[in-house]
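Enquirer: Input file: model.pdb. Contents: PDB, C-alpha atoms and all ligand atoms.
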ATOM      1  CA  MET E 217      48.356 218.302  15.470
ATOM      2  CA  SER E 218      51.897 217.755  14.126
ATOM      3  CA  ILE E 219      54.080 214.940  12.913
ATOM      4  CA  ALA E 220      57.711 214.525  13.874
ATOM      5  CA  LEU E 221      59.994 213.471  11.013
ATOM      6  CA  ILE E 222      63.277 211.836  12.020
ATOM      7  CA  THR E 223      65.726 211.377   9.156
ATOM      8  CA  LEU E 224      68.538 208.817   9.281
ATOM      9  CA  GLY E 225      69.853 208.845   5.679
ATOM     10  CA  GLY E 226      69.535 206.006   3.154
ATOM     11  CA  THR E 227      68.754 206.019  -0.555
ATOM     12  CA  ILE E 228      65.722 208.272  -0.018
ATOM     13  CA  ALA E 229      68.200 211.052   0.904
ATOM     14  CA  MET E 230      71.047 210.113  -1.454
ATOM     15  CA  GLY E 231      70.924 213.037  -3.836
ATOM     16  CA  GLY E 232      74.589 213.974  -3.871
ATOM     17  CA  VAL E 233      77.960 212.729  -5.104
ATOM     18  CA  ASP E 234      81.439 213.085  -3.638
ATOM     19  CA  ALA E 235      84.062 214.496  -6.020
ATOM     20  CA  ASP E 236      86.593 211.783  -5.215
ATOM     21  CA  ARG E 237      84.408 208.646  -5.610
ATOM     22  CA  PRO E 238      81.621 207.315  -7.772
ATOM     23  CA  GLY E 239      78.045 206.713  -6.584
ATOM     24  CA  VAL E 240      75.412 208.673  -4.688
ATOM     25  CA  VAL E 241      75.798 209.616  -1.025
ATOM     26  CA  THR E 242      73.417 211.004   1.579
ATOM     27  CA  ARG E 243      72.988 214.742   1.151
ATOM     28  CA  LEU E 244      69.325 215.575   1.526
ATOM     29  CA  THR E 245      67.946 216.895   4.782
ATOM     30  CA  GLY E 246      64.420 216.449   6.067
ATOM     31  CA  ALA E 247      63.572 219.899   4.690
ATOM     32  CA  ASP E 248      64.767 218.777   1.233
ATOM     33  CA  LEU E 249      62.746 215.578   1.498
ATOM     34  CA  THR E 250      59.515 217.330   2.457
ATOM     35  CA  ALA E 251      60.060 220.048  -0.190
ATOM     36  CA  ALA E 252      60.110 217.301  -2.843
ATOM     37  CA  VAL E 253      56.678 215.932  -1.872
ATOM     38  CA  PRO E 254      53.870 217.238  -4.086
ATOM     39  CA  GLY E 255      50.640 217.674  -2.146
ATOM     40  CA  LEU E 256      52.206 217.830   1.289
ATOM     41  CA  ALA E 257      50.507 221.153   2.056
ATOM     42  CA  GLN E 258      47.066 219.562   1.503
ATOM     43  CA  LEU E 259      47.816 217.184   4.351
ATOM     44  CA  GLY E 260      47.365 220.210   6.598
ATOM     45  CA  VAL E 261      49.679 218.901   9.295
ATOM     46  CA  PRO E 262      52.921 220.672  10.251
ATOM     47  CA  VAL E 263      55.984 218.445   9.964
ATOM     48  CA  ASP E 264      58.606 218.917  12.648
ATOM     49  CA  VAL E 265      61.908 217.780  11.112
ATOM     50  CA  ARG E 266      64.729 216.267  13.183
ATOM     51  CA  ASP E 267      67.772 215.394  11.052
ATOM     52  CA  THR E 268      69.416 212.789  13.216
ATOM     53  CA  HIS E 269      71.805 210.706  11.084
ATOM     54  CA  ALA E 270      72.885 210.819   7.444
ATOM     55  CA  VAL E 271      74.185 207.322   6.785
ATOM     56  CA  PRO E 272      73.522 204.247   4.670
ATOM     57  CA  SER E 273      71.312 202.014   6.786
ATOM     58  CA  ALA E 274      74.045 199.377   6.980
ATOM     59  CA  HIS E 275      75.823 201.781   9.357
ATOM     60  CA  LEU E 276      72.925 202.077  11.828
ATOM     61  CA  THR E 277      73.355 200.472  15.236
ATOM     62  CA  GLY E 278      70.976 199.133  17.869
ATOM     63  CA  ARG E 279      72.106 201.887  20.229
ATOM     64  CA  GLN E 280      71.211 204.543  17.643
ATOM     65  CA  LEU E 281      67.810 202.950  17.108
ATOM     66  CA  LEU E 282      67.062 202.960  20.824
ATOM     67  CA  ALA E 283      67.893 206.684  20.805
ATOM     68  CA  VAL E 284      65.581 207.202  17.808
ATOM     69  CA  VAL E 285      62.761 205.471  19.698
ATOM     70  CA  ASP E 286      63.449 207.728  22.705
ATOM     71  CA  GLU E 287      63.332 210.809  20.500
ATOM     72  CA  ALA E 288      60.097 209.630  18.853
ATOM     73  CA  SER E 289      58.684 208.926  22.285
ATOM     74  CA  ARG E 290      59.514 212.430  23.490
ATOM     75  CA  ALA E 291      57.861 213.887  20.373
ATOM     76  CA  VAL E 292      54.649 211.975  21.142
ATOM     77  CA  SER E 293      54.760 212.987  24.809
ATOM     78  CA  ASP E 294      55.132 216.589  23.621
ATOM     79  CA  GLY E 295      51.968 216.281  21.540
ATOM     80  CA  ALA E 296      52.928 214.842  18.131
ATOM     81  CA  THR E 297      50.133 212.824  16.513
ATOM     82  CA  GLY E 298      52.622 210.393  15.043
ATOM     83  CA  VAL E 299      56.248 210.025  14.012
ATOM     84  CA  VAL E 300      57.857 209.153  10.676
ATOM     85  CA  VAL E 301      61.395 207.792  10.368
ATOM     86  CA  THR E 302      63.169 207.830   6.996
ATOM     87  CA  GLN E 303      66.138 205.538   6.510
ATOM     88  CA  GLY E 304      67.777 203.124   4.093
ATOM     89  CA  THR E 305      65.812 200.048   3.166
ATOM     90  CA  ASP E 306      68.614 197.528   3.748
ATOM     91  CA  THR E 307      68.187 197.184   7.500
ATOM     92  CA  LEU E 308      64.640 198.527   7.752
ATOM     93  CA  GLU E 309      63.123 195.142   8.583
ATOM     94  CA  GLU E 310      65.472 194.890  11.597
ATOM     95  CA  THR E 311      65.306 198.510  12.788
ATOM     96  CA  ALA E 312      61.511 198.743  12.544
ATOM     97  CA  PHE E 313      61.141 195.433  14.382
ATOM     98  CA  LEU E 314      63.521 196.580  17.115
ATOM     99  CA  ALA E 315      61.468 199.763  17.506
ATOM    100  CA  ASP E 316      58.237 197.747  17.551
ATOM    101  CA  LEU E 317      59.507 195.617  20.432
ATOM    102  CA  VAL E 318      59.942 198.673  22.664
ATOM    103  CA  TRP E 319      57.422 201.245  21.311
ATOM    104  CA  PRO E 320      54.973 201.933  24.151
ATOM    105  CA  HIS E 321      52.572 204.425  22.534
ATOM    106  CA  ALA E 322      49.260 204.187  20.706
ATOM    107  CA  ALA E 323      50.530 206.884  18.318
ATOM    108  CA  PRO E 324      51.884 205.474  15.061
ATOM    109  CA  LEU E 325      55.647 205.257  14.547
ATOM    110  CA  VAL E 326      56.033 204.806  10.794
ATOM    111  CA  PHE E 327      59.228 203.866   8.954
ATOM    112  CA  THR E 328      59.812 204.445   5.272
ATOM    113  CA  GLY E 329      62.591 204.679   2.679
ATOM    114  CA  ALA E 330      63.107 204.451  -1.060
ATOM    115  CA  MET E 331      64.584 202.057  -3.586
ATOM    116  CA  ARG E 332      65.304 204.646  -6.306
ATOM    117  CA  ASN E 333      67.465 207.558  -5.258
ATOM    118  CA  PRO E 334      66.296 211.128  -5.948
ATOM    119  CA  THR E 335      68.539 211.483  -9.037
ATOM    120  CA  LEU E 336      66.677 208.679 -10.859
ATOM    121  CA  ALA E 337      63.538 208.812 -12.991
ATOM    122  CA  GLY E 338      60.560 207.581 -11.005
ATOM    123  CA  ALA E 339      62.220 208.037  -7.616
ATOM    124  CA  ASP E 340      59.850 206.538  -5.050
ATOM    125  CA  GLY E 341      60.993 208.577  -2.032
ATOM    126  CA  PRO E 342      58.439 211.424  -2.222
ATOM    127  CA  ALA E 343      55.468 209.045  -2.633
ATOM    128  CA  ASN E 344      56.680 206.839   0.218
ATOM    129  CA  LEU E 345      57.272 209.827   2.493
ATOM    130  CA  LEU E 346      53.816 211.225   1.760
ATOM    131  CA  ALA E 347      52.238 207.817   2.435
ATOM    132  CA  ALA E 348      54.171 207.520   5.710
ATOM    133  CA  LEU E 349      53.082 211.004   6.814
ATOM    134  CA  ARG E 350      49.467 210.172   5.984
ATOM    135  CA  VAL E 351      49.708 206.975   8.039
ATOM    136  CA  ALA E 352      51.335 208.827  10.946
ATOM    137  CA  ALA E 353      48.431 211.314  10.919
ATOM    138  CA  ALA E 354      45.672 208.702  10.561
ATOM    139  CA  PRO E 355      43.517 207.872  13.610
ATOM    140  CA  THR E 356      42.964 204.398  12.137
ATOM    141  CA  ALA E 357      46.708 203.687  12.352
ATOM    142  CA  ARG E 358      46.764 204.111  16.129
ATOM    143  CA  ASP E 359      47.459 201.125  18.333
ATOM    144  CA  LEU E 360      49.092 199.072  15.610
ATOM    145  CA  GLY E 361      52.634 199.374  16.900
ATOM    146  CA  VAL E 362      55.407 200.269  14.487
ATOM    147  CA  LEU E 363      54.352 200.403  10.847
ATOM    148  CA  VAL E 364      56.160 200.601   7.530
ATOM    149  CA  ALA E 365      54.591 202.602   4.706
ATOM    150  CA  VAL E 366      56.017 201.888   1.252
ATOM    151  CA  ASN E 367      54.618 201.554  -2.242
ATOM    152  CA  ASP E 368      51.195 202.690  -0.962
ATOM    153  CA  GLU E 369      51.061 199.704   1.381
ATOM    154  CA  VAL E 370      51.045 199.659   5.168
ATOM    155  CA  HIS E 371      52.954 196.788   6.791
ATOM    156  CA  ALA E 372      53.378 195.755  10.400
ATOM    157  CA  ALA E 373      57.069 195.938  11.328
ATOM    158  CA  ARG E 374      56.521 192.592  12.983
ATOM    159  CA  TRP E 375      55.975 190.729   9.703
ATOM    160  CA  LEU E 376      57.916 192.812   7.193
ATOM    161  CA  ARG E 377      60.596 191.388   4.886
ATOM    162  CA  LYS E 378      62.794 193.011   2.244
ATOM    163  CA  THR E 379      62.343 190.521  -0.585
ATOM    164  CA  HIS E 380      64.141 192.032  -3.592
ATOM    165  CA  SER E 381      67.426 193.902  -3.912
ATOM    166  CA  THR E 382      66.203 196.568  -6.379
ATOM    167  CA  SER E 383      62.432 196.425  -6.931
ATOM    168  CA  ILE E 384      60.281 199.260  -5.587
ATOM    169  CA  SER E 385      57.835 196.583  -4.425
ATOM    170  CA  THR E 386      60.575 194.926  -2.392
ATOM    171  CA  PHE E 387      58.719 195.101   0.934
ATOM    172  CA  ALA E 388      56.243 192.365   1.684
ATOM    173  CA  SER E 389      54.762 190.577   4.658
ATOM    174  CA  PRO E 390      54.821 187.026   3.296
ATOM    175  CA  ASN E 391      53.062 185.468   6.285
ATOM    176  CA  THR E 392      50.200 187.939   6.523
ATOM    177  CA  GLY E 393      50.097 190.421   3.650
ATOM    178  CA  PRO E 394      49.996 194.173   4.313
ATOM    179  CA  LEU E 395      47.755 195.507   7.078
ATOM    180  CA  GLY E 396      46.421 198.195   4.824
ATOM    181  CA  GLN E 397      46.785 200.433   1.805
ATOM    182  CA  VAL E 398      46.863 204.118   1.001
ATOM    183  CA  ILE E 399      44.129 204.646  -1.580
ATOM    184  CA  GLU E 400      43.614 208.080  -3.169
ATOM    185  CA  GLY E 401      45.406 209.517  -0.159
ATOM    186  CA  GLU E 402      43.196 207.747   2.365
ATOM    187  CA  VAL E 403      44.734 205.310   4.825
ATOM    188  CA  ARG E 404      42.662 202.111   4.789
ATOM    189  CA  VAL E 405      43.578 199.612   7.505
ATOM    190  CA  LEU E 406      42.154 196.278   6.401
ATOM    191  CA  THR E 407      43.472 194.013   9.154
ATOM    192  CA  ARG E 408      44.335 194.856  12.753
ATOM    193  CA  LEU E 409      46.862 192.965  14.787
ATOM    194  CA  VAL E 410      47.011 192.293  18.488
ATOM    195  CA  ARG E 411      49.986 194.128  19.968
ATOM    196  CA  HIS E 412      52.438 192.633  22.432
ATOM    197  CA  GLU E 413      53.402 194.396  25.638
ATOM    198  CA  PRO E 414      56.556 196.451  24.976
ATOM    199  CA  LEU E 415      59.788 195.083  26.420
ATOM    200  CA  SER E 416      61.218 196.888  29.434
ATOM    201  CA  PRO E 417      63.620 199.751  28.628
ATOM    202  CA  ILE E 418      66.986 198.479  27.346
ATOM    203  CA  ASP E 419      70.324 199.852  28.525
ATOM    204  CA  PRO E 420      72.221 200.850  25.337
ATOM    205  CA  ASP E 421      75.584 199.989  26.933
ATOM    206  CA  ARG E 422      74.390 196.456  27.578
ATOM    207  CA  LEU E 423      72.993 196.214  24.065
ATOM    208  CA  ASP E 424      76.378 197.231  22.633
ATOM    209  CA  THR E 425      78.106 194.356  24.383
ATOM    210  CA  THR E 426      75.440 191.709  23.759
ATOM    211  CA  ARG E 427      76.569 189.532  20.867
ATOM    212  CA  VAL E 428      74.075 187.272  19.138
ATOM    213  CA  ALA E 429      75.357 185.331  16.129
ATOM    214  CA  LEU E 430      73.310 184.327  13.102
ATOM    215  CA  TYR E 431      74.320 181.015  11.565
ATOM    216  CA  VAL E 432      72.890 179.991   8.190
ATOM    217  CA  VAL E 433      72.899 176.231   7.653
ATOM    218  CA  THR E 434      74.020 174.900   4.264
ATOM    219  CA  MET E 435      74.368 171.467   2.650
ATOM    220  CA  ASP E 436      77.238 169.302   3.957
ATOM    221  CA  ASP E 437      77.668 171.704   6.867
ATOM    222  CA  ASP E 438      79.815 170.204   9.646
ATOM    223  CA  GLY E 439      79.578 173.236  11.929
ATOM    224  CA  LEU E 440      83.339 173.831  12.286
ATOM    225  CA  LEU E 441      82.688 177.565  12.327
ATOM    226  CA  LEU E 442      80.661 177.116  15.531
ATOM    227  CA  ASN E 443      83.673 175.885  17.534
ATOM    228  CA  ASP E 444      84.139 178.083  20.610
ATOM    229  CA  LEU E 445      81.246 180.367  19.607
ATOM    230  CA  ASP E 446      80.256 180.513  23.275
ATOM    231  CA  HIS E 447      83.604 182.217  24.006
ATOM    232  CA  THR E 448      82.696 185.216  21.855
ATOM    233  CA  HIS E 449      78.863 185.316  21.750
ATOM    234  CA  HIS E 450      75.968 185.144  24.196
ATOM    235  CA  ALA E 451      73.523 183.309  21.925
ATOM    236  CA  VAL E 452      73.034 182.147  18.352
ATOM    237  CA  VAL E 453      70.135 182.061  15.916
ATOM    238  CA  VAL E 454      70.284 179.100  13.535
ATOM    239  CA  ALA E 455      68.639 179.573  10.144
ATOM    240  CA  GLY E 456      67.933 175.962   9.261
ATOM    241  CA  PHE E 457      66.523 174.323   6.159
ATOM    242  CA  GLY E 458      62.758 174.438   5.536
ATOM    243  CA  VAL E 459      60.784 173.703   8.684
ATOM    244  CA  GLY E 460      63.916 173.759  10.874
ATOM    245  CA  HIS E 461      66.229 170.952   9.806
ATOM    246  CA  VAL E 462      70.028 170.594   9.712
ATOM    247  CA  PRO E 463      72.486 167.924   8.501
ATOM    248  CA  ALA E 464      72.887 164.966  10.884
ATOM    249  CA  THR E 465      76.537 165.913  11.528
ATOM    250  CA  LEU E 466      75.502 169.375  12.692
ATOM    251  CA  ALA E 467      72.812 168.242  15.151
ATOM    252  CA  PRO E 468      75.194 167.209  17.990
ATOM    253  CA  VAL E 469      77.306 170.344  17.471
ATOM    254  CA  LEU E 470      74.193 172.500  17.976
ATOM    255  CA  GLY E 471      73.091 170.342  20.905
ATOM    256  CA  ASP E 472      76.469 170.869  22.645
ATOM    257  CA  LEU E 473      76.201 174.598  22.041
ATOM    258  CA  ALA E 474      72.644 174.680  23.437
ATOM    259  CA  GLU E 475      74.028 173.415  26.761
ATOM    260  CA  ARG E 476      76.169 176.548  26.986
ATOM    261  CA  MET E 477      74.037 179.343  25.407
ATOM    262  CA  PRO E 478      70.521 179.946  24.016
ATOM    263  CA  VAL E 479      70.313 178.499  20.492
ATOM    264  CA  VAL E 480      67.183 179.509  18.581
ATOM    265  CA  LEU E 481      65.968 177.514  15.603
ATOM    266  CA  THR E 482      64.455 179.444  12.653
ATOM    267  CA  SER E 483      63.964 178.813   8.949
ATOM    268  CA  ARG E 484      66.138 180.186   6.182
ATOM    269  CA  SER E 485      63.160 179.833   3.766
ATOM    270  CA  GLY E 486      61.903 183.448   3.868
ATOM    271  CA  ALA E 487      58.357 182.708   5.038
ATOM    272  CA  GLY E 488      56.480 180.218   7.156
ATOM    273  CA  SER E 489      57.183 178.702  10.539
ATOM    274  CA  VAL E 490      59.622 176.127  11.838
ATOM    275  CA  LEU E 491      57.648 173.093  12.982
ATOM    276  CA  ARG E 492      57.521 171.516  16.461
ATOM    277  CA  HIS E 493      56.405 167.896  16.228
ATOM    278  CA  THR E 494      56.252 166.566  12.668
ATOM    279  CA  TYR E 495      59.652 165.079  11.682
ATOM    280  CA  GLY E 496      61.686 162.583  13.681
ATOM    281  CA  ALA E 497      65.071 162.127  11.924
ATOM    282  CA  VAL E 498      68.398 163.196  13.409
ATOM    283  CA  GLY E 499      68.697 166.921  12.640
ATOM    284  CA  SER E 500      64.910 167.382  12.431
ATOM    285  CA  GLU E 501      62.985 169.896  14.524
ATOM    286  CA  THR E 502      61.993 167.309  17.159
ATOM    287  CA  ASP E 503      65.586 166.089  17.455
ATOM    288  CA  LEU E 504      66.971 169.631  17.763
ATOM    289  CA  GLN E 505      64.388 170.618  20.382
ATOM    290  CA  ARG E 506      65.271 167.455  22.353
ATOM    291  CA  ARG E 507      68.895 168.620  22.225
ATOM    292  CA  GLY E 508      67.887 171.952  23.793
ATOM    293  CA  LEU E 509      67.321 174.289  20.839
ATOM    294  CA  LEU E 510      64.515 176.822  21.296
ATOM    295  CA  ASN E 511      61.824 177.066  18.642
ATOM    296  CA  GLY E 512      61.654 180.467  16.870
ATOM    297  CA  GLY E 513      58.208 179.765  15.367
ATOM    298  CA  LEU E 514      57.265 182.301  12.700
ATOM    299  CA  LEU E 515      60.128 184.666  13.473
ATOM    300  CA  ASP E 516      62.533 184.991  10.578
ATOM    301  CA  PRO E 517      66.241 184.681  11.487
ATOM    302  CA  TYR E 518      66.893 188.431  11.434
ATOM    303  CA  LYS E 519      63.993 189.270  13.711
ATOM    304  CA  ALA E 520      64.783 186.395  16.034
ATOM    305  CA  ARG E 521      68.289 187.825  16.388
ATOM    306  CA  VAL E 522      66.970 191.322  17.190
ATOM    307  CA  LEU E 523      64.566 189.940  19.824
ATOM    308  CA  LEU E 524      67.197 187.709  21.375
ATOM    309  CA  ARG E 525      69.694 190.531  21.611
ATOM    310  CA  LEU E 526      67.211 192.843  23.359
ATOM    311  CA  LEU E 527      66.129 190.121  25.786
ATOM    312  CA  LEU E 528      69.686 189.206  26.737
ATOM    313  CA  ALA E 529      70.660 192.875  27.050
ATOM    314  CA  ALA E 530      67.755 193.278  29.493
ATOM    315  CA  GLY E 531      69.234 190.492  31.615
ATOM    316  CA  GLY E 532      66.902 187.722  30.437
ATOM    317  CA  GLY E 533      68.023 184.109  30.626
ATOM    318  CA  ARG E 534      66.945 180.955  28.812
ATOM    319  CA  ASP E 535      63.474 180.928  30.450
ATOM    320  CA  GLU E 536      62.740 184.548  29.489
ATOM    321  CA  VAL E 537      63.934 183.831  25.950
ATOM    322  CA  ALA E 538      61.694 180.746  25.704
ATOM    323  CA  ALA E 539      58.691 182.706  27.032
ATOM    324  CA  ALA E 540      59.285 185.614  24.615
ATOM    325  CA  LEU E 541      59.652 183.231  21.672
ATOM    326  CA  ALA E 542      56.350 181.625  22.619
ATOM    327  CA  ARG E 543      54.727 185.082  22.430
ATOM    328  CA  HIS E 544      56.487 186.514  19.395
ATOM    329  CA  GLY E 545      57.328 183.426  17.360
TER     330      GLY E 545
HETATM  331  N1  LIG E 601      71.913 200.852   0.739
HETATM  332  C1  LIG E 601      70.789 201.716   0.966
HETATM  333  C2  LIG E 601      70.561 201.850   2.467
HETATM  334  O1  LIG E 601      70.004 200.949   3.065
HETATM  335  C3  LIG E 601      69.613 201.161   0.295
HETATM  336  C4  LIG E 601      68.346 201.918   0.479
HETATM  337  O2  LIG E 601      68.231 202.900   1.142
HETATM  338  O3  LIG E 601      67.384 201.482  -0.137
HETATM  339  O4  LIG E 601      70.934 202.841   3.013
END
What would the structure in this file look like if it were written as structure tokens?
Expert:
Amino acid sequence: MSIALITLGGTIAMGGVDADRPGVVTRLTGADLTAAVPGLAQLGVPVDVRDTHAVPSAHLTGRQLLAVVDEASRAVSDGATGVVVTQGTDTLEETAFLADLVWPHAAPLVFTGAMRNPTLAGADGPANLLAALRVAAAPTARDLGVLVAVNDEVHAARWLRKTHSTSISTFASPNTGPLGQVIEGEVRVLTRLVRHEPLSPIDPDRLDTTRVALYVVTMDDDGLLLNDLDHTHHAVVVAGFGVGHVPATLAPVLGDLAERMPVVLTSRSGAGSVLRHTYGAVGSETDLQRRGLLNGGLLDPYKARVLLRLLLAAGGGRDEVAAALARHG
């Protein structure tokens, strides 16, 4: 039994400073991170460290994440019980979801990070890493897809949101709540989810060149910014008001765009679903669907963008996108 630990950087590893500029930077290796965890030895599971990147998570790319999933996959095929990935929290809801869409194993792939860097009092990195390692080793965490262990909670990557810029309880799953908790060191899974079939393998070169825009709707929005978007992008996710509404002036602009590229309707609200058949005004969800927009359901705008990008990179068209949204949204 062993656990692979893949480190990518982020605040959890930002224990150093550069002489020529203020602020912490990534310095800590996986060995440093594990050395800082009290009680790790009692876990009784060897940790096989793979320092892979040392960057703020804003620098991570889809291509790099696909490579991380491949590396994690190889570790499991070579006998690892589970895999932990440490990274910055800023993009964790996107990276973990991307991994979840393609992770084919029953073994847990568990992401974690920290909100307080190791130079601060009450740094949360060691506790989060220990929780993630416990989850990765737990038989009860098998077959749940990609998980996120933070603040002694276990979340499904599929529903996770970063909800606060500084709080250590920033991660939440507003639509479902956490799947489980780590209580006195024991992983308790309280709710199990039904997994989706993983997407077919994605060609990283195609992912690199697949551009999906995210457009956040605001009051008085006339959509000028969307002019010629189909010349530069392959699809767009629209983060509309509430249950999926936009100003009346924007509705025809989005309808025109939907004739040329997939346009997916989501909510900018932070939780809940866009609706399908409740409102009838121009710019409402029924009007936008009639104009060709695809309904993103419960997917938040960021996750809808990740899914759309993977589908298009795999050669999917409008029908494949609609079918995947029906499953995932
Ligand atoms: N900016 C940092 C990052 O995402 C924040 C963090 O790790 O919490 O790398």
Enquirer: Report the distance between atom CA of Ser381 of chain E and atom CA of Pro342 of chain E in Å, rounded to one decimal place.
Expert: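 Between these atoms lies a distance of 19.8 Å.
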Enquirer: Residues within 8 Å of ligand LIG 601 (chain E) (all atoms listed in the file), as a count of residues only?
Expert: 19
Enquirer: Counting all atoms listed in the file, which of E:Ala247, E:Ala455, E:Leu360, E:Leu276 gets nearest to Thr434 of chain E?
Expert: E:Ala455
Enquirer: Go through segment 413-490 of chain E and flag each residue having an atom no more than 8 Å from segment 509-523 of chain E; for those, report the closest pair of atoms plus their distance in Å to one decimal, using all atoms listed in the file, ordered by chain and rising number, as a Markdown table.
Expert:
| residue | atom | partner | partner_atom | distance |
| --- | --- | --- | --- | --- |
| E:Val428 | CA | E:Arg521 | CA | 6.4 |
| E:Ala429 | CA | E:Arg521 | CA | 7.5 |
| E:Leu430 | CA | E:Arg521 | CA | 6.9 |
| E:Val452 | CA | E:Arg521 | CA | 7.7 |
| E:Val453 | CA | E:Arg521 | CA | 6.1 |
| E:Val454 | CA | E:Pro517 | CA | 7.2 |
| E:Ala455 | CA | E:Pro517 | CA | 5.8 |
| E:Leu470 | CA | E:Leu509 | CA | 7.7 |
| E:Gly471 | CA | E:Leu509 | CA | 7.0 |
| E:Ala474 | CA | E:Leu509 | CA | 5.9 |
| E:Pro478 | CA | E:Leu509 | CA | 7.2 |
| E:Val479 | CA | E:Leu509 | CA | 5.2 |
| E:Val480 | CA | E:Leu510 | CA | 4.7 |
| E:Leu481 | CA | E:Asn511 | CA | 5.2 |
| E:Thr482 | CA | E:Gly512 | CA | 5.2 |
| E:Ser483 | CA | E:Asp516 | CA | 6.5 |
| E:Arg484 | CA | E:Pro517 | CA | 7.0 |
| E:Gly486 | CA | E:Asp516 | CA | 6.9 |
| E:Ala487 | CA | E:Asp516 | CA | 7.3 |
| E:Gly488 | CA | E:Leu514 | CA | 6.0 |
| E:Ser489 | CA | E:Leu514 | CA | 4.2 |
| E:Val490 | CA | E:Gly513 | CA | 5.3 |
Enquirer: I want to know what sits within 8 Å of Val370 of chain E, based on only C-alpha atoms, with residues of the same chain fewer than 5 positions away left out; could you give that as a list in words?
Expert: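 After dropping sequence-adjacent residues, the list is Val351, Leu363, Val364, Ala365, Pro394, Leu395, Gly396, Gln397, Val398 and Val405 of chain E.
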Enquirer: Evaluate the PyMOL selection byres (((chain E and resi 264) around 9) and not hetatm) here and jot the selected residues down as a PDB file with C-alpha atoms, keeping the file's coordinate frame.
Expert:
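Result file is expr.pdb:
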ATOM      1  CA  SER E 218      51.897 217.755  14.126  1.00  0.00           C
ATOM      2  CA  ILE E 219      54.080 214.940  12.913  1.00  0.00           C
ATOM      3  CA  ALA E 220      57.711 214.525  13.874  1.00  0.00           C
ATOM      4  CA  LEU E 221      59.994 213.471  11.013  1.00  0.00           C
ATOM      5  CA  ILE E 222      63.277 211.836  12.020  1.00  0.00           C
ATOM      6  CA  PRO E 262      52.921 220.672  10.251  1.00  0.00           C
ATOM      7  CA  VAL E 263      55.984 218.445   9.964  1.00  0.00           C
ATOM      8  CA  VAL E 265      61.908 217.780  11.112  1.00  0.00           C
ATOM      9  CA  ARG E 266      64.729 216.267  13.183  1.00  0.00           C
ATOM     10  CA  ALA E 296      52.928 214.842  18.131  1.00  0.00           C
TER      11      ALA E 296
END
Enquirer: Could you tell me which of E:Leu256, E:Ala352, E:Leu249, E:Ala388 comes closest to Glu309 of chain E if we count only C-alpha atoms?
Expert: E:Ala388
Enquirer: In Å, how far is it from atom CA of Ala252 of chain E to atom CA of Leu349 of chain E?
Expert: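 According to the coordinates, atom CA of Ala252 of chain E and atom CA of Leu349 of chain E are separated by 13.5 Å.
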Enquirer: Given the PyMOL selection byres (((chain E and resi 282) around 10) and not hetatm) and the file above, list the residues it selects as a list of chain:residue names.
Expert: E:Thr277, E:Gly278, E:Arg279, E:Gln280, E:Leu281, E:Ala283, E:Val284, E:Val285, E:Asp286, E:Glu287, E:Ala288, E:Thr311, E:Leu314, E:Ala315, E:Val318, E:Trp319, E:Pro417, E:Ile418, E:Asp419, E:Pro420, E:Leu423
